[in-house]
file my_file_32.cif (mmCIF, C-alpha atoms)
data_data
#
loop_
_atom_site.label_atom_id
_atom_site.label_comp_id
_atom_site.auth_asym_id
_atom_site.auth_seq_id
_atom_site.Cartn_x
_atom_site.Cartn_y
_atom_site.Cartn_z
CA MET A 762 7.71 46.15 92.15
CA PHE A 763 9.46 49.16 93.70
CA ASP A 764 8.35 51.25 96.67
CA VAL A 765 8.76 54.78 95.33
CA SER A 766 6.26 56.58 97.53
CA HIS A 767 8.78 58.19 99.89
CA ASP A 768 11.94 58.52 97.81
CA PRO A 769 11.92 60.83 94.76
CA GLY A 770 15.25 59.34 93.68
CA ARG A 771 14.20 55.70 94.05
CA LEU A 772 13.49 54.95 90.38
CA VAL A 773 14.60 57.55 87.84
CA LEU A 774 14.37 57.64 84.06
CA GLY A 775 17.35 59.43 82.53
CA ILE A 776 17.29 61.04 79.06
CA GLU A 777 20.45 62.15 77.21
CA SER A 778 20.51 63.82 73.77
CA SER A 779 23.22 66.48 74.02
CA CYS A 780 25.21 65.45 70.94
CA ASP A 781 25.02 62.38 68.70
CA GLU A 782 23.87 59.67 71.12
CA THR A 783 20.19 59.16 71.91
CA ALA A 784 20.16 57.45 75.30
CA ALA A 785 17.66 56.39 77.94
CA SER A 786 18.23 54.58 81.22
CA VAL A 787 16.40 53.54 84.35
CA VAL A 788 18.45 53.72 87.57
CA ALA A 789 17.28 52.55 91.00
CA GLY A 790 18.44 54.36 94.11
CA GLY A 791 20.92 56.48 92.17
CA ARG A 792 23.28 53.48 92.06
CA GLN A 793 21.78 50.42 90.34
CA VAL A 794 21.48 50.50 86.54
CA LEU A 795 18.36 48.58 85.56
CA SER A 796 18.71 49.45 81.88
CA SER A 797 20.90 51.58 79.66
CA VAL A 798 20.07 51.93 75.97
CA ILE A 799 22.09 53.99 73.48
CA ALA A 800 21.20 54.63 69.85
CA SER A 801 24.50 55.66 68.25
CA GLN A 802 24.78 57.99 65.26
CA VAL A 803 28.46 57.35 64.50
CA LYS A 804 27.70 55.82 61.08
CA ASP A 805 25.49 58.80 60.18
CA HIS A 806 28.21 61.38 60.88
CA ALA A 807 31.33 59.43 59.84
CA PRO A 808 31.13 60.48 56.15
CA TYR A 809 31.34 64.14 57.26
CA GLY A 810 34.30 63.69 59.61
CA GLY A 811 32.35 65.01 62.60
CA VAL A 812 28.90 65.62 64.03
CA VAL A 813 26.44 67.50 61.79
CA PRO A 814 24.07 69.32 64.21
CA GLU A 815 20.97 69.28 61.98
CA LEU A 816 21.40 65.60 61.19
CA ALA A 817 21.91 64.82 64.88
CA SER A 818 18.65 66.55 65.81
CA ARG A 819 16.68 64.65 63.16
CA ARG A 820 18.10 61.32 64.30
CA HIS A 821 17.17 62.13 67.92
CA LEU A 822 13.58 62.74 66.80
CA GLN A 823 13.53 59.32 65.15
CA ASN A 824 15.34 57.44 67.92
CA LEU A 825 14.08 58.92 71.19
CA LEU A 826 10.72 57.19 71.66
CA PRO A 827 11.87 53.66 70.72
CA THR A 828 15.00 54.14 72.88
CA VAL A 829 12.91 55.12 75.94
CA GLN A 830 10.46 52.29 75.33
CA LEU A 831 13.29 49.76 75.16
CA ALA A 832 14.89 51.13 78.35
CA LEU A 833 11.59 50.79 80.24
CA ARG A 834 11.06 47.31 78.85
CA GLN A 835 14.54 46.14 79.81
CA ALA A 836 14.07 47.53 83.32
CA ALA A 837 10.65 45.85 83.56
CA VAL A 838 8.96 49.09 84.67
CA SER A 839 6.40 51.49 83.26
CA LEU A 840 6.19 55.27 83.32
CA GLU A 841 3.73 54.94 86.21
CA ASP A 842 6.39 53.15 88.30
CA LEU A 843 8.89 56.01 88.02
CA SER A 844 9.58 58.31 90.93
CA GLY A 845 11.12 61.00 88.70
CA ILE A 846 12.67 62.00 85.39
CA ALA A 847 16.13 63.46 84.79
CA VAL A 848 17.12 65.03 81.48
CA THR A 849 20.24 66.66 80.11
CA GLN A 850 19.61 70.41 80.01
CA GLY A 851 23.03 71.43 78.70
CA PRO A 852 25.66 72.00 77.51
CA GLY A 853 25.58 70.54 74.02
CA LEU A 854 24.15 71.07 70.55
CA LEU A 855 21.04 73.15 71.16
CA GLY A 856 18.85 71.42 68.57
CA ALA A 857 19.85 67.99 69.86
CA LEU A 858 19.31 69.00 73.49
CA LEU A 859 15.85 70.35 72.76
CA VAL A 860 14.61 67.01 71.45
CA GLY A 861 15.24 65.15 74.70
CA PHE A 862 14.54 68.15 76.94
CA SER A 863 11.17 68.96 75.38
CA TRP A 864 10.08 65.32 75.40
CA ALA A 865 11.01 64.88 79.06
CA LYS A 866 9.15 68.05 80.11
CA ALA A 867 6.06 66.96 78.17
CA VAL A 868 6.04 63.53 79.81
CA ALA A 869 6.59 65.06 83.26
CA TRP A 870 3.67 67.45 82.70
CA ALA A 871 1.35 64.71 81.42
CA SER A 872 2.24 62.20 84.14
CA GLY A 873 2.71 64.55 87.08
CA LYS A 874 6.18 63.09 87.71
CA PRO A 875 8.86 65.38 89.21
CA ILE A 876 11.62 66.35 86.78
CA VAL A 877 15.12 67.80 87.12
CA GLY A 878 17.50 69.22 84.54
CA VAL A 879 21.05 67.90 84.73
CA SER A 880 24.29 69.29 83.39
CA HIS A 881 25.89 66.87 80.95
CA LEU A 882 29.20 67.49 82.74
CA GLU A 883 27.65 66.77 86.13
CA GLY A 884 26.37 63.52 84.64
CA HIS A 885 29.89 62.46 83.67
CA LEU A 886 31.06 63.17 87.22
CA CYS A 887 28.14 61.23 88.74
CA ALA A 888 28.82 58.22 86.48
CA LEU A 889 31.43 57.24 89.06
CA ASN A 890 28.60 56.67 91.58
CA LEU A 891 27.45 53.76 89.43
CA GLU A 892 30.68 51.87 90.11
CA ASP A 893 30.72 49.11 92.75
CA SER A 894 33.18 51.17 94.80
CA PRO A 895 32.51 54.87 94.10
CA PRO A 896 35.15 57.41 95.15
CA PRO A 897 34.73 59.22 98.49
CA TYR A 898 33.94 62.92 98.80
CA PRO A 899 35.68 65.18 98.25
CA HIS A 900 37.65 63.93 95.28
CA LEU A 901 39.39 65.56 92.36
CA ALA A 902 38.05 64.77 88.89
CA LEU A 903 39.59 65.28 85.48
CA LEU A 904 36.71 65.48 83.01
CA VAL A 905 37.92 65.00 79.44
CA SER A 906 35.54 64.75 76.50
CA GLY A 907 35.06 65.91 72.93
CA GLY A 908 33.80 69.32 73.97
CA HIS A 909 35.13 69.79 77.50
CA THR A 910 38.37 69.49 79.44
CA SER A 911 38.08 70.57 83.07
CA ILE A 912 39.32 69.84 86.58
CA TYR A 913 36.73 69.72 89.38
CA VAL A 914 36.72 69.39 93.12
CA VAL A 915 33.68 67.13 93.58
CA GLU A 916 32.28 67.84 97.02
CA SER A 917 29.07 65.82 96.84
CA ALA A 918 26.65 64.33 94.31
CA VAL A 919 25.12 67.79 93.83
CA ALA A 920 28.07 70.11 94.40
CA CYS A 921 31.33 70.54 92.52
CA ARG A 922 33.78 73.37 91.97
CA GLU A 923 35.64 73.94 88.72
CA MET A 924 39.35 74.67 89.16
CA GLY A 925 40.47 74.78 85.54
CA ARG A 926 39.13 74.37 82.03
CA THR A 927 40.27 74.52 78.44
CA VAL A 928 40.54 78.01 76.99
CA ASP A 929 40.17 76.77 73.39
CA ASP A 930 40.02 73.24 71.99
CA ALA A 931 39.10 70.39 74.30
CA ALA A 932 41.37 67.33 74.33
CA GLY A 933 38.80 65.14 72.58
CA GLU A 934 38.25 67.79 69.93
CA ALA A 935 42.01 67.92 69.34
CA PHE A 936 42.09 64.14 68.91
CA ASP A 937 39.31 64.28 66.32
CA LYS A 938 40.85 67.19 64.38
CA VAL A 939 44.30 65.59 64.31
CA ALA A 940 42.79 62.29 63.16
CA LYS A 941 41.11 64.18 60.33
CA MET A 942 44.47 65.75 59.34
CA LEU A 943 45.98 62.27 59.24
CA GLY A 944 43.09 60.83 57.24
CA LEU A 945 42.05 58.41 60.00
CA GLY A 946 38.32 59.05 59.90
CA TYR A 947 35.77 59.65 62.65
CA PRO A 948 35.67 59.20 65.61
CA GLY A 949 39.32 60.13 65.71
CA GLY A 950 40.23 59.44 69.32
CA ILE A 951 39.65 55.71 68.96
CA ALA A 952 41.71 55.54 65.77
CA ILE A 953 44.65 57.44 67.29
CA ASP A 954 44.60 55.30 70.44
CA LYS A 955 44.68 52.12 68.36
CA LEU A 956 47.50 53.20 66.03
CA ALA A 957 49.54 54.66 68.89
CA LYS A 958 49.90 51.20 70.39
CA SER A 959 52.20 50.31 67.46
CA GLY A 960 54.08 53.63 67.49
CA ASN A 961 57.02 55.19 69.28
CA LYS A 962 55.77 57.90 71.64
CA ARG A 963 59.21 59.55 71.62
CA ALA A 964 59.68 59.52 67.83
CA TYR A 965 58.58 63.14 67.38
CA SER A 966 58.63 66.08 69.77
CA PHE A 967 55.36 68.01 70.07
CA PRO A 968 54.78 70.87 72.53
CA ARG A 969 53.25 70.43 75.99
CA PRO A 970 51.16 73.61 76.14
CA ARG A 971 50.87 75.89 79.18
CA LEU A 972 52.62 73.62 81.64
CA ARG A 973 54.70 76.22 83.46
CA ASP A 974 52.41 79.20 84.02
CA GLY A 975 50.87 77.92 87.26
CA SER A 976 47.36 78.04 85.80
CA LEU A 977 45.13 74.97 85.90
CA ASP A 978 43.55 75.91 82.56
CA PHE A 979 44.28 73.92 79.41
CA SER A 980 45.02 74.88 75.80
CA PHE A 981 45.27 72.42 72.93
CA SER A 982 45.02 74.68 69.88
CA GLY A 983 48.79 75.24 69.77
CA LEU A 984 49.49 71.51 69.88
CA LYS A 985 47.02 70.94 67.06
CA THR A 986 48.67 73.69 64.98
CA ALA A 987 52.14 72.28 65.69
CA LEU A 988 51.06 68.90 64.38
CA TRP A 989 49.52 70.44 61.24
CA GLN A 990 52.77 72.28 60.53
CA PHE A 991 54.74 69.09 61.14
CA CYS A 992 52.61 67.18 58.62
CA GLN A 993 53.14 69.92 56.02
CA THR A 994 56.91 69.88 56.37
CA THR A 995 57.50 66.16 57.00
CA PRO A 996 55.86 64.24 54.14
CA ASP A 997 57.51 60.89 55.01
CA TYR A 998 56.33 60.67 58.63
CA ASN A 999 55.29 57.38 60.21
CA VAL A 1000 51.61 57.65 61.11
CA GLU A 1001 51.84 55.25 64.08
CA ASP A 1002 54.72 57.26 65.54
CA VAL A 1003 52.86 60.53 64.98
CA CYS A 1004 49.78 59.16 66.75
CA ALA A 1005 51.86 57.91 69.68
CA SER A 1006 53.84 61.14 69.99
CA PHE A 1007 50.77 63.37 69.73
CA GLN A 1008 48.83 61.25 72.21
CA GLU A 1009 51.74 61.39 74.66
CA ALA A 1010 51.79 65.19 74.48
CA VAL A 1011 48.07 65.32 75.31
CA VAL A 1012 48.41 62.80 78.14
CA ASP A 1013 51.44 64.61 79.61
CA THR A 1014 49.52 67.89 79.60
CA LEU A 1015 46.41 66.41 81.22
CA CYS A 1016 48.37 64.60 83.93
CA ALA A 1017 50.63 67.56 84.69
CA LYS A 1018 47.67 69.87 85.33
CA MET A 1019 45.78 67.27 87.32
CA PHE A 1020 48.64 66.50 89.68
CA LEU A 1021 49.32 70.22 90.06
CA ALA A 1022 45.69 70.55 91.20
CA ALA A 1023 46.14 67.64 93.61
CA ARG A 1024 49.14 69.36 95.16
CA ALA A 1025 47.28 72.68 95.41
CA THR A 1026 44.18 71.19 97.07
CA GLY A 1027 45.75 68.42 99.12
CA ILE A 1028 43.04 66.03 97.92
CA LYS A 1029 44.29 62.45 97.85
CA HIS A 1030 41.66 60.72 95.69
CA LEU A 1031 41.65 61.34 91.92
CA THR A 1032 39.22 60.24 89.22
CA LEU A 1033 38.77 60.39 85.46
CA ALA A 1034 35.50 61.05 83.63
CA GLY A 1035 34.27 61.74 80.10
CA GLY A 1036 34.74 60.03 76.75
CA VAL A 1037 38.51 60.57 76.53
CA ALA A 1038 38.80 58.68 79.83
CA CYS A 1039 38.51 55.58 77.61
CA ASN A 1040 41.94 56.34 76.13
CA SER A 1041 44.23 53.48 77.11
CA ARG A 1042 47.40 55.58 77.43
CA LEU A 1043 45.69 58.22 79.59
CA ARG A 1044 44.31 55.53 81.90
CA GLU A 1045 47.73 53.88 82.18
CA ALA A 1046 49.66 57.10 82.83
CA PHE A 1047 47.03 58.46 85.24
CA MET A 1048 47.11 55.31 87.34
CA GLN A 1049 50.89 54.93 87.30
CA GLU A 1050 51.61 58.55 88.18
CA GLY A 1051 48.93 58.61 90.86
CA LEU A 1052 50.27 55.52 92.60
CA LYS A 1053 53.82 56.86 92.34
CA ARG A 1054 52.68 59.98 94.22
CA GLY A 1055 50.84 57.98 96.89
CA LEU A 1056 47.38 59.00 95.68
CA GLN A 1057 44.25 56.89 95.30
CA VAL A 1058 42.92 56.68 91.75
CA THR A 1059 39.50 55.57 90.48
CA LEU A 1060 39.13 54.76 86.79
CA PRO A 1061 35.52 54.33 85.62
CA ALA A 1062 34.54 51.49 83.30
CA PRO A 1063 34.77 52.61 79.66
CA SER A 1064 31.01 52.06 79.27
CA LEU A 1065 30.45 54.79 81.88
CA CYS A 1066 32.88 57.23 80.23
CA THR A 1067 31.08 57.75 76.94
CA ASP A 1068 27.73 59.57 76.70
CA ASN A 1069 24.94 57.58 78.35
CA ALA A 1070 21.69 58.22 80.21
CA ALA A 1071 22.53 56.18 83.32
CA MET A 1072 24.86 58.96 84.45
CA ILE A 1073 22.06 61.50 83.92
CA ALA A 1074 19.66 59.39 85.97
CA ALA A 1075 22.26 59.03 88.75
CA ALA A 1076 22.83 62.78 88.89
CA GLY A 1077 19.09 63.39 88.70
CA ALA A 1078 18.36 61.05 91.60
CA ALA A 1079 20.62 63.12 93.86
CA ARG A 1080 18.95 66.37 92.78
CA LEU A 1081 15.45 64.96 93.23
CA ARG A 1082 16.38 63.84 96.74
CA ALA A 1083 17.72 67.33 97.46
CA GLY A 1084 14.26 68.70 96.68
CA GLN A 1085 15.21 70.32 93.38
CA ARG A 1086 12.67 70.54 90.57
CA LEU A 1087 12.78 71.88 87.03
CA SER A 1088 10.32 74.55 85.99
CA LEU A 1089 8.39 73.44 82.91
CA THR A 1090 9.11 76.90 81.46
CA ALA A 1091 12.89 76.31 81.69
CA ASP A 1092 14.91 76.01 78.50
CA ALA A 1093 17.91 74.01 77.32
CA VAL A 1094 21.29 75.78 77.21
CA SER A 1095 24.07 75.12 74.72
CA ARG A 1096 26.89 76.61 76.80
CA LEU A 1097 27.54 76.98 80.51
CA LYS A 1098 29.17 79.99 82.09
CA ARG A 1099 32.30 79.46 84.13
CA GLY A 1100 31.21 77.68 87.29
CA GLY A 1101 28.79 75.43 85.41
CA ALA A 1102 25.42 76.36 86.97
CA LEU A 1103 22.27 75.57 84.99
CA PRO A 1104 19.26 77.93 84.96
CA ALA A 1105 16.28 76.73 87.00
#
call {"tool": "encode", "arguments": {"input": "my_file_32.cif", "output": "structure tokens"}}
result
Amino acid sequence: MFDVSHDPGRLVLGIESSCDETAASVVAGGRQVLSSVIASQVKDHAPYGGVVPELASRRHLQNLLPTVQLALRQAAVSLEDLSGIAVTQGPGLLGALLVGFSWAKAVAWASGKPIVGVSHLEGHLCALNLEDSPPPYPHLALLVSGGHTSIYVVESAVACREMGRTVDDAAGEAFDKVAKMLGLGYPGGIAIDKLAKSGNKRAYSFPRPRLRDGSLDFSFSGLKTALWQFCQTTPDYNVEDVCASFQEAVVDTLCAKMFLAARATGIKHLTLAGGVACNSRLREAFMQEGLKRGLQVTLPAPSLCTDNAAMIAAAGAARLRAGQRLSLTADAVSRLKRGGALPA
């Protein structure tokens, strides 16, 4: 069905298991999503108010094979048709990563297919290449997720440079922890976004951390602590107003740093990536402020913001075409050093 003999990125199977989503996808040419299957674990972790690493690993073991089989079936291809395999190597929960990473290496060894390891963060950045009109290179990307908040200069599909990152809590982590304080359940970011729509974003004043020091790094622990102290001393608060005011503080902080980076680099095209890029207020403010400043802005579809394997396959296709290959003795990594390089 597909001519894959001369293009190692022509038909790639992507595997993602870095946290609580077991995902598999087949992508053609690094751009066309033929299938994208996600087995969610939200219901498994909701009673605990967050992801339980051991439980996540066990669910990945149960879900991985049927998820891959369904992705291949939906794409109408077999393992023999593939030109390569891409798998998330890190960062993430080590036990969860190892399930997908070990499976992918075993299949690559047994089938003789080339394999590449992909950074989960690189995958989020490459998700934008799956849009009908992907952003040009170079562009500036704000990657905001449950575990990561960073600003990147994206120079190509295989090269990016980190300009700033969170020094403590990530924005998504702050959303989840504040939602837990307010008794809103898990996942917290969705609940806060929904309630904030009915609230007054100026009802309460919460700090905008580290906005005036010139650094492009982020810090959200102080904002989280400020909200906890507010809840302890203000028993009659309005929860919708608190959600709106807290969300506005996060959005203000993210936008301020991003547009500071745009001014510093002179780059005129900005993008969002990561799970928190689904937040409706962040998308609205990012677009409005960007247009006001005469900048081009690309907002990915929400389905490409959350964890998925299509983004891993897209990133893997570029690396396969660049001649990169993963050693079968390589290991998964839970954390990346500053700069974000994965071990070979």
call {"tool": "atom_distance", "arguments": {"input": "my_file_32.cif", "atom1": "atom CA of A:Lys1053", "atom2": "atom CA of A:Pro896"}}
result
18.9 Å
call {"tool": "closest_residue", "arguments": {"input": "my_file_32.cif", "among": "A:Thr828, A:Ser1041, A:Ser880, A:Ser966", "to": "A:Ala1076", "atoms": "all atoms listed in the file"}}
result
A:Ser880
call {"tool": "residues_around", "arguments": {"input": "my_file_32.cif", "residues": "stretch 908-923 of chain A", "least_positions_apart": "5", "cutoff": "9 Å", "atoms": "all atoms listed in the file", "output": "PyMOL selection string"}}
result
chain A and resi 853+882-883+886-887+890+897-903+930-934+977-979+1015+1018-1019+1022+1026+1028+1035+1075-1076+1079-1080+1083+1099-1101
call {"tool": "resolve_selection", "arguments": {"input": "my_file_32.cif", "expression": "the PyMOL selection byres ((chain A and resi 1071) around 8)", "output": "NGL selection string"}}
result
:A and (775 or 785-788 or 794 or 796-797 or 888 or 1069-1070 or 1072-1075)
call {"tool": "resolve_selection", "arguments": {"input": "my_file_32.cif", "expression": "the PyMOL selection byres ((chain A and resi 1055-1065) around 8)", "output": "list in words"}}
result
His885, Ala888, Leu889, Glu892, Pro895, Pro896, Lys1029, His1030, Leu1031, Thr1032, Leu1033, Ala1034, Gly1036, Ala1038, Cys1039, Arg1044, Phe1047, Met1048, Gly1051, Leu1052, Lys1053, Arg1054, Cys1066, Thr1067, Asp1068, Asn1069 and Met1072 of chain A
call {"tool": "residues_around", "arguments": {"input": "my_file_32.cif", "residues": "A:Asp937", "least_positions_apart": "4", "cutoff": "10 Å", "atoms": "all atoms listed in the file", "output": "PDB file with C-alpha atoms, in the frame of the given file"}}
result
ATOM      1  CA  GLY A 810      34.300  63.690  59.610  1.00  0.00           C
ATOM      2  CA  GLY A 811      32.350  65.010  62.600  1.00  0.00           C
ATOM      3  CA  GLY A 907      35.060  65.910  72.930  1.00  0.00           C
ATOM      4  CA  ALA A 932      41.370  67.330  74.330  1.00  0.00           C
ATOM      5  CA  GLY A 933      38.800  65.140  72.580  1.00  0.00           C
ATOM      6  CA  LYS A 941      41.110  64.180  60.330  1.00  0.00           C
ATOM      7  CA  MET A 942      44.470  65.750  59.340  1.00  0.00           C
ATOM      8  CA  LEU A 943      45.980  62.270  59.240  1.00  0.00           C
ATOM      9  CA  LEU A 945      42.050  58.410  60.000  1.00  0.00           C
ATOM     10  CA  GLY A 946      38.320  59.050  59.900  1.00  0.00           C
ATOM     11  CA  TYR A 947      35.770  59.650  62.650  1.00  0.00           C
ATOM     12  CA  PRO A 948      35.670  59.200  65.610  1.00  0.00           C
ATOM     13  CA  GLY A 949      39.320  60.130  65.710  1.00  0.00           C
ATOM     14  CA  GLY A 950      40.230  59.440  69.320  1.00  0.00           C
ATOM     15  CA  ILE A 951      39.650  55.710  68.960  1.00  0.00           C
ATOM     16  CA  ALA A 952      41.710  55.540  65.770  1.00  0.00           C
ATOM     17  CA  ILE A 953      44.650  57.440  67.290  1.00  0.00           C
TER      18      ILE A 953
END
call {"tool": "residues_around", "arguments": {"input": "my_file_32.cif", "residues": "A:Tyr965", "least_positions_apart": "4", "cutoff": "8 Å", "atoms": "only C-alpha atoms", "output": "VMD selection string"}}
result
chain A and resid 1002 to 1003 1006
call {"tool": "residues_around", "arguments": {"input": "my_file_32.cif", "residues": "stretch 865-869 of chain A", "least_positions_apart": "6", "cutoff": "9 Å", "atoms": "all atoms listed in the file", "output": "tab-separated table (two decimals) with C-alpha atoms, in the coordinates of the input"}}
result
chain	number	residue	atom	x	y	z
A	776	ILE	CA	17.29	61.04	79.06
A	840	LEU	CA	6.19	55.27	83.32
A	845	GLY	CA	11.12	61.00	88.70
A	846	ILE	CA	12.67	62.00	85.39
A	847	ALA	CA	16.13	63.46	84.79
A	848	VAL	CA	17.12	65.03	81.48
A	875	PRO	CA	8.86	65.38	89.21
A	876	ILE	CA	11.62	66.35	86.78
A	1087	LEU	CA	12.78	71.88	87.03
A	1088	SER	CA	10.32	74.55	85.99
A	1089	LEU	CA	8.39	73.44	82.91
A	1090	THR	CA	9.11	76.90	81.46
call {"tool": "atom_distance", "arguments": {"input": "my_file_32.cif", "atom1": "atom CA of A:Gln993", "atom2": "atom CA of A:Asp1013"}}
result
24.2 Å
call {"tool": "axis_aligned_box", "arguments": {"input": "my_file_32.cif", "around": "stretch 948-958 of chain A", "padding_each_side": "5 Å", "output": "lines of an AutoDock Vina configuration file"}}
result
center_x = 42.8
center_y = 55.7
center_z = 68.0
size_x = 24.2
size_y = 18.9
size_z = 14.8
call {"tool": "atom_distance", "arguments": {"input": "my_file_32.cif", "atom1": "atom CA of A:Leu774", "atom2": "atom CA of A:Gly873"}}
result
13.9 Å
call {"tool": "closest_residue", "arguments": {"input": "my_file_32.cif", "among": "A:Leu1021, A:Ala789, A:Ala817, A:Val798", "to": "A:Gly856", "atoms": "all atoms listed in the file"}}
result
A:Ala817
call {"tool": "closest_residue", "arguments": {"input": "my_file_32.cif", "among": "A:Ala784, A:Leu795, A:Leu1081, A:Leu891", "to": "A:Arg834", "atoms": "all atoms listed in the file"}}
result
A:Leu795
call {"tool": "closest_residue", "arguments": {"input": "my_file_32.cif", "among": "A:Pro827, A:Gly878, A:Gly1077, A:Pro814", "to": "A:Gln850", "atoms": "only C-alpha atoms"}}
result
A:Gly878
call {"tool": "resolve_selection", "arguments": {"input": "my_file_32.cif", "expression": "the PyMOL selection byres ((chain A and resi 989) around 12)", "output": "short mmCIF file (atom, residue, chain, number, x, y, z; two decimals) with C-alpha atoms, in the frame of the given file"}}
result
data_model
loop_
_atom_site.label_atom_id
_atom_site.label_comp_id
_atom_site.auth_asym_id
_atom_site.auth_seq_id
_atom_site.Cartn_x
_atom_site.Cartn_y
_atom_site.Cartn_z
CA ALA A 935 42.01 67.92 69.34
CA LYS A 938 40.85 67.19 64.38
CA VAL A 939 44.30 65.59 64.31
CA ALA A 940 42.79 62.29 63.16
CA LYS A 941 41.11 64.18 60.33
CA MET A 942 44.47 65.75 59.34
CA LEU A 943 45.98 62.27 59.24
CA PHE A 967 55.36 68.01 70.07
CA SER A 982 45.02 74.68 69.88
CA GLY A 983 48.79 75.24 69.77
CA LEU A 984 49.49 71.51 69.88
CA LYS A 985 47.02 70.94 67.06
CA THR A 986 48.67 73.69 64.98
CA ALA A 987 52.14 72.28 65.69
CA LEU A 988 51.06 68.90 64.38
CA GLN A 990 52.77 72.28 60.53
CA PHE A 991 54.74 69.09 61.14
CA CYS A 992 52.61 67.18 58.62
CA GLN A 993 53.14 69.92 56.02
CA THR A 994 56.91 69.88 56.37
CA THR A 995 57.50 66.16 57.00
CA PRO A 996 55.86 64.24 54.14
CA VAL A 1003 52.86 60.53 64.98
CA PHE A 1007 50.77 63.37 69.73
#
call {"tool": "decode", "arguments": {"input": "my_file_32.cif", "residues": "stretch 909-930 of chain A", "atoms": "C-alpha atoms", "output": "compact mmCIF listing (two decimals), in the first residue's frame"}}
result
# COMPACT_ATOMS: atom_id res chain seq x y z
CA HIS A 909 6.92 20.99 32.20
CA THR A 910 6.77 24.70 31.47
CA SER A 911 9.42 25.89 29.02
CA ILE A 912 10.09 28.34 26.20
CA TYR A 913 11.90 27.01 23.11
CA VAL A 914 13.33 28.42 19.93
CA VAL A 915 12.33 25.68 17.49
CA GLU A 916 14.85 25.75 14.66
CA SER A 917 13.81 22.60 12.80
CA ALA A 918 11.97 19.32 13.33
CA VAL A 919 15.08 17.91 15.03
CA ALA A 920 16.62 20.99 16.66
CA CYS A 921 15.33 23.29 19.38
CA ARG A 922 16.91 25.50 22.01
CA GLU A 923 15.47 26.00 25.48
CA MET A 924 15.40 29.62 26.63
CA GLY A 925 13.57 29.28 29.92
CA ARG A 926 11.95 26.67 32.13
CA THR A 927 10.16 26.35 35.43
CA VAL A 928 12.42 26.24 38.46
CA ASP A 929 9.80 24.45 40.61
CA ASP A 930 6.18 23.58 39.88
